[in-house]
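Just below is one structure, and these are the notes that go with it.
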Amino acid sequence: MGFTAVDEAPVTGFHRKLAAACSGGPLLDGYLLGIVGIALTGVTAELSLDTTMEAVVGVAALVGMFFGGLVFGPLTDRIGRKPMYTLDLLALIIASALSVIVTETWQLIVLRFVIGVAIAADYPIATALLMEWLPRKTRAKMFTSVIIIWYIGTALAYFVGYLITATLGPEGWRWMLGSSAVLAVAVFLLRIGTPESPRWLVSAGRTAQAREVIERSLNQKVTTADLTDAAAGTDAAAAPEAGRGSITELFHGIYLRRTAFVVIFFSCAIIPLFALLTFGPQLLGAFGLGTGNGANLGTALVNLIFAVGCLPAMWLLESVGRRRTITWSFALMVLPLLALGAFTHAPAWLAVSFFCLYALFSGGPGILEWGYPNELFPTRIRAAAVGMAVALTRFAAAIGTFLVPLSLAALGASTTLYIGAAITFVGFLACVAWAEETRNRSLEDIGAPHPERAALAP
């Protein structure tokens with residue numbers, strides 16, 4: 001029995017509302033990343049930023065995510081998913097609202113850093129909570145909403161930035177940055193009343209409460225004995241003090257290999273992606289696709305293609321499996337980046353086509369950036385694993401994003417895109433070596449610390 005009531009439950013309105021609420025963090029992350037790229041034009045002019053300070057403002061939130069992931073991932077495993085589920089949004093609302101009244105560069109950098117910490121705190125909380133409630137056979141399908149909403153958030157940012165720029169000009173950058181507070185309030189209200197994860201409750205020894213939330217949320221009967229047995233051989237066996245997993249476990253045994261895999265493929269996917277999204281208008285301008293506000297609208301369109309690319313990947317992840325989908329996706333993602341680097345003087349329609357192909361091929365890695373770290377680790381260290389993935393990959397993305405404007409200026413768009421292709425190829429090699437098959441397996445089976453259970457065969 002165990003968590004059969006959760007794993008085999010039919011998808012209901014509870015699951016859909018939970019998925020929507022948990023997707024709020026990725027929505028805000030995508031929006032905040034996109035909006036700062038548009039606002040930088042006005043920020044640079046009003047605050048007299050040089051190239052270095054412009055890059056610092058652009059990566060401040062990513063640096064905040066590094067520290068937020070390291071701190072709040074393990075904390076979420078300790079105190080539960082629910083306590084921080086709405087509190088982190090309050091910090092984001094306040095920091096976003098204060099962005100409207102900044103007068104100095106350092107103030108904006110500090111606020112962007114705080115926003116990054118809040119977003120990084122939300123990822124391990126919301127994604128772990130969602131994964132631990134989802135039915136086994138529809139995990140990939142339901143989890144796809146997380147990454148689709150991320151891309152929609154980024155596209156929305158460029159669209160809002162386009163409208164504000166058209167209305168107020170670059171001087172409207174304050175309202176661009178402050179607009180994220182409105183989204184955060186909506187997400188905060190949607191999350192009110194969300195129950196705690198039953199898997200975390202069992203790992204913390206609160207089995208009776210876990211039974212109550214399952215019966216109330218899913219209308220499924222389950223006994224306390226069933227839930228106690230569910231932890232046998234996984235969390236309870238590996239951590240005698242229930243719910244007290246340590247972040248150091250991520251660097252021992254099979255979890256070390258899984259941590260390395262997640263960090264490497266995640267970094268190799270988002271470094272080129274963040275470069276394309278944060279500096280999309282500049283890159284499109286380098287291809288003769290217009291600069292300024294018109295390029296913002298073009299970048300919004302590319303982001304919607306990224307979202308569309310998740311739809312075939314969603315089906316492939318459940319039909320052919322995680323391993324094959326992510327491996328072939330990385331292989332295909334290399335090709336349009338090479339083409340963009342080789343044909344910098346290509347017609348506009350061809351350059352846009354290459355951007356769109358990259359967006360379509362990236363769907364599998366995009367979904368598994370959040371799916372894999374939540375599937376590959378047990379409940380006691382699941383949020384810590386997500387937090388570690390957020391911290392290390394955002395640190396890598398921050399370095400990459402910081403270097404993109406410098407690379408564009410010194411090396412040009414062609415070489416910059418070749419570098420992105422090389423990074424993507426490293427991700428392909430990591431998938432060939434370490435990607436596991438987790439399709440149709442329970443979280444308890446996947447997370448058990450037994451190397452022989454890892455499905456690496458193609």
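Going through the structure tokens in order, the chains are called A, B, and so on, while each chain numbers its residues from 1 and the ligands are numbered from 1 in the order shown.
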
Surrounding residues of stretch 44-59 of chain A excluding itself and chain neighbours under 5 positions, 7 Å, only C-alpha atoms, as a PyMOL selection string: chain A and resi 36-37+104-105+109+398+401-402

How would the residues just picked look written out with C-alpha atoms as a short mmCIF file (atom, residue, chain, number, x, y, z; two decimals), in the first residue's frame?
data_model
loop_
_atom_site.label_atom_id
_atom_site.label_comp_id
_atom_site.auth_asym_id
_atom_site.auth_seq_id
_atom_site.Cartn_x
_atom_site.Cartn_y
_atom_site.Cartn_z
CA VAL A 36 15.28 43.24 -15.88
CA GLY A 37 16.68 42.69 -19.38
CA GLU A 104 21.08 54.63 -6.34
CA THR A 105 22.60 51.68 -8.17
CA ILE A 109 21.45 45.62 -6.71
CA ALA A 398 25.18 34.32 -13.27
CA THR A 401 25.06 36.07 -18.05
CA PHE A 402 27.71 38.43 -16.68
#

Compile the contact shell of A:Tyr372 as number ranges by chain: residues with an atom at most 12 Å away, counting only C-alpha atoms, same-chain residues fewer than 6 positions apart removed. A: 127-128, 131, 139-140, 143, 258-259, 261-263, 265-266, 317, 322-323, 326, 364-366, 378, 382, 385-386, 389, 431, 434-439, 443, 446-447

Next, write the just-selected residues to a file, as a CSV table (one decimal), in the first residue's frame, keeping N, CA and C atoms as the atom set.
chain,number,residue,atom,x,y,z
A,127,THR,N,8.3,23.1,-5.7
A,127,THR,CA,8.5,21.9,-6.5
A,127,THR,C,8.4,20.6,-5.8
A,128,ALA,N,9.1,20.6,-4.6
A,128,ALA,CA,9.0,19.4,-3.8
A,128,ALA,C,7.6,19.1,-3.3
A,131,MET,N,5.7,17.7,-6.4
A,131,MET,CA,6.1,16.3,-6.8
A,131,MET,C,5.5,15.3,-5.8
A,139,ARG,N,3.2,12.3,-13.5
A,139,ARG,CA,4.2,13.3,-12.9
A,139,ARG,C,4.7,14.2,-14.0
A,140,ALA,N,5.2,13.7,-15.1
A,140,ALA,CA,5.8,14.5,-16.1
A,140,ALA,C,4.8,15.5,-16.7
A,143,PHE,N,3.9,18.1,-14.1
A,143,PHE,CA,5.1,18.9,-13.8
A,143,PHE,C,5.5,19.8,-15.0
A,258,ARG,N,24.2,11.5,-8.8
A,258,ARG,CA,23.0,12.2,-9.2
A,258,ARG,C,23.1,13.7,-9.0
A,259,THR,N,23.7,14.2,-8.0
A,259,THR,CA,23.9,15.6,-7.8
A,259,THR,C,24.8,16.2,-8.9
A,261,PHE,N,25.2,15.0,-11.9
A,261,PHE,CA,24.4,14.9,-13.1
A,261,PHE,C,23.4,16.1,-13.2
A,262,VAL,N,22.7,16.3,-12.1
A,262,VAL,CA,21.7,17.4,-12.2
A,262,VAL,C,22.3,18.7,-12.3
A,263,VAL,N,23.4,19.0,-11.6
A,263,VAL,CA,24.1,20.3,-11.7
A,263,VAL,C,24.7,20.5,-13.1
A,265,PHE,N,23.9,18.9,-16.1
A,265,PHE,CA,23.0,19.1,-17.3
A,265,PHE,C,22.1,20.4,-17.1
A,266,PHE,N,21.8,20.7,-15.8
A,266,PHE,CA,21.0,21.9,-15.6
A,266,PHE,C,21.8,23.1,-16.0
A,317,LEU,N,8.3,12.3,-22.6
A,317,LEU,CA,8.8,11.9,-21.2
A,317,LEU,C,7.9,10.7,-20.7
A,322,ARG,N,12.4,9.4,-19.7
A,322,ARG,CA,13.2,10.6,-19.4
A,322,ARG,C,14.5,10.5,-20.1
A,323,ARG,N,15.2,9.4,-20.0
A,323,ARG,CA,16.6,9.3,-20.4
A,323,ARG,C,16.7,9.6,-21.9
A,326,ILE,N,15.8,13.4,-22.9
A,326,ILE,CA,16.7,14.5,-22.5
A,326,ILE,C,18.0,14.3,-23.3
A,364,GLY,N,12.4,19.1,-23.4
A,364,GLY,CA,12.7,18.0,-22.5
A,364,GLY,C,13.6,18.4,-21.3
A,365,PRO,N,14.8,18.9,-21.6
A,365,PRO,CA,15.7,19.4,-20.5
A,365,PRO,C,15.0,20.5,-19.6
A,366,GLY,N,14.1,21.3,-20.3
A,366,GLY,CA,13.5,22.3,-19.5
A,366,GLY,C,12.6,21.8,-18.4
A,378,PRO,N,15.4,11.2,-2.1
A,378,PRO,CA,14.3,10.8,-1.2
A,378,PRO,C,13.8,12.1,-0.5
A,382,ARG,N,15.0,15.9,-0.5
A,382,ARG,CA,14.5,16.3,-1.8
A,382,ARG,C,14.7,17.8,-2.0
A,385,ALA,N,18.2,18.9,-2.3
A,385,ALA,CA,18.7,18.7,-3.7
A,385,ALA,C,18.3,19.7,-4.7
A,386,VAL,N,17.0,20.1,-4.6
A,386,VAL,CA,16.5,21.2,-5.5
A,386,VAL,C,17.2,22.5,-5.2
A,389,ALA,N,20.7,22.4,-6.5
A,389,ALA,CA,20.6,22.6,-8.0
A,389,ALA,C,20.4,24.0,-8.4
A,431,CYS,N,24.3,13.5,-20.1
A,431,CYS,CA,23.1,12.7,-20.2
A,431,CYS,C,23.4,11.3,-20.7
A,434,TRP,N,25.0,9.6,-17.5
A,434,TRP,CA,24.4,9.5,-16.2
A,434,TRP,C,22.8,9.6,-16.1
A,435,ALA,N,22.2,9.9,-17.2
A,435,ALA,CA,20.7,10.1,-17.2
A,435,ALA,C,20.0,8.8,-16.8
A,436,GLU,N,19.1,8.8,-15.8
A,436,GLU,CA,18.4,7.6,-15.4
A,436,GLU,C,17.0,7.6,-15.9
A,437,GLU,N,16.4,6.4,-15.9
A,437,GLU,CA,15.0,6.3,-16.3
A,437,GLU,C,14.1,6.2,-15.0
A,438,THR,N,13.3,7.2,-14.9
A,438,THR,CA,12.4,7.2,-13.7
A,438,THR,C,10.9,7.1,-14.0
A,439,ARG,N,10.6,6.9,-15.2
A,439,ARG,CA,9.2,6.8,-15.7
A,439,ARG,C,8.5,5.7,-15.0
A,443,LEU,N,8.3,7.4,-6.1
A,443,LEU,CA,9.4,8.2,-5.5
A,443,LEU,C,10.2,7.5,-4.5
A,446,ILE,N,12.6,5.2,-6.5
A,446,ILE,CA,13.7,5.9,-7.1
A,446,ILE,C,14.7,6.4,-6.1
A,447,GLY,N,14.2,6.9,-5.0
A,447,GLY,CA,15.1,7.6,-4.0
A,447,GLY,C,15.8,6.7,-3.1

Would you mind telling me which residue in A:Ile399, A:Val43, A:Ala391, A:Ala21 lies nearest to A:Thr103 when using only C-alpha atoms? A:Val43

Quick one: residues within 12 Å of A:Cys310, only C-alpha atoms counted, chain neighbours fewer than 3 positions away excluded, as number ranges by chain? A: 140-152, 303-307, 313-317, 325-326, 329, 358-368

For A:Val185, which of A:Ile38, A:Ala91, A:Ile119, A:Ile271 is the closest residue, counting only C-alpha atoms?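 For A:Val185, the nearest of the candidates is A:Ala91.
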
Give me every alpha helix (DSSP H) residue in stretch 11-228 of chain A, going by DSSP on the backbone, as JSON, numbers by chain. {"A": [13, 14, 15, 16, 17, 18, 19, 20, 21, 22, 24, 25, 26, 27, 28, 29, 30, 31, 32, 33, 34, 35, 36, 37, 38, 39, 40, 41, 42, 43, 44, 45, 46, 47, 51, 52, 53, 54, 55, 56, 57, 58, 59, 60, 61, 62, 63, 64, 65, 66, 67, 68, 69, 70, 71, 72, 73, 74, 75, 76, 77, 78, 79, 84, 85, 86, 87, 88, 89, 90, 91, 92, 93, 94, 95, 96, 97, 98, 105, 106, 107, 108, 109, 110, 111, 112, 113, 114, 115, 116, 117, 118, 119, 120, 121, 122, 123, 124, 125, 126, 127, 128, 129, 130, 131, 139, 140, 141, 142, 143, 144, 145, 146, 147, 148, 149, 150, 151, 152, 153, 154, 155, 156, 157, 158, 159, 160, 161, 162, 163, 164, 165, 166, 167, 168, 173, 174, 175, 176, 177, 178, 180, 181, 182, 183, 184, 185, 186, 187, 188, 189, 190, 191, 198, 199, 200, 201, 202, 203, 207, 208, 209, 210, 211, 212, 213, 214, 215, 216, 217, 218, 224, 225, 226, 227, 228]}

At what distance in Å, to one decimal, does atom CA of A:Asp29 lie from atom CA of A:Phe274? 11.6 Å

When distances are computed from only C-alpha atoms, which of A:Val6, A:Ala384, A:Ala204, A:Ala339 shows the smallest separation from A:Glu249?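 Checking each of A:Val6, A:Ala384, A:Ala204, A:Ala339 against A:Glu249, counting only C-alpha atoms, the winner is A:Ala384.
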
If you count only C-alpha atoms, which residues fall within 12 Å of A:Val102, apart from same-chain ones fewer than 3 positions away, as a ChimeraX atom specification? /A:43,46-47,95-99,105-112,173-175,177-178

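Of the residues under consideration (A:Tyr85, A:Phe425, A:Tyr158, A:Phe377), A:Phe425 shows the shortest atom-to-atom contact distance to A:Thr327 when counting only C-alpha atoms.
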
Got a sec: who's within 8 Å of stretch 72-80 of chain A, counting only C-alpha atoms, leaving out chain neighbours fewer than 3 positions off, as a ChimeraX atom specification? /A:68-69,83-84,120-121,124-125,196-197,200-201,243-247,379-388

Record the distance separating atom CA of A:Pro347 and atom CA of A:Leu301, expressed in Å with one decimal.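 Spanning atom CA of A:Pro347 to atom CA of A:Leu301 is a straight-line distance of 17.7 Å.
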
Of the candidates A:Ala61, A:Val320, A:Ala413, A:Ala422, which one gets nearest to A:Asn440 if we count only C-alpha atoms? A:Val320

Any idea what's packed within 9 Å of A:Val187, counting only C-alpha atoms, ignoring anything in its chain fewer than 5 positions away? Could you give it as a list in words?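 Close residues of A:Val187: Ala20, Ala21, Cys22, Ser23, Gly24, Gly25, Leu28, Thr86, Leu89 and Val182 of chain A.
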
Shortest contact to A:Leu32, candidates A:Phe14, A:Leu62, A:Leu70, A:Ser180, atoms counted only C-alpha atoms, goes to A:Ser180

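Put simply, atom CA of A:Val114 is 18.3 Å away from atom CA of A:Ala126.
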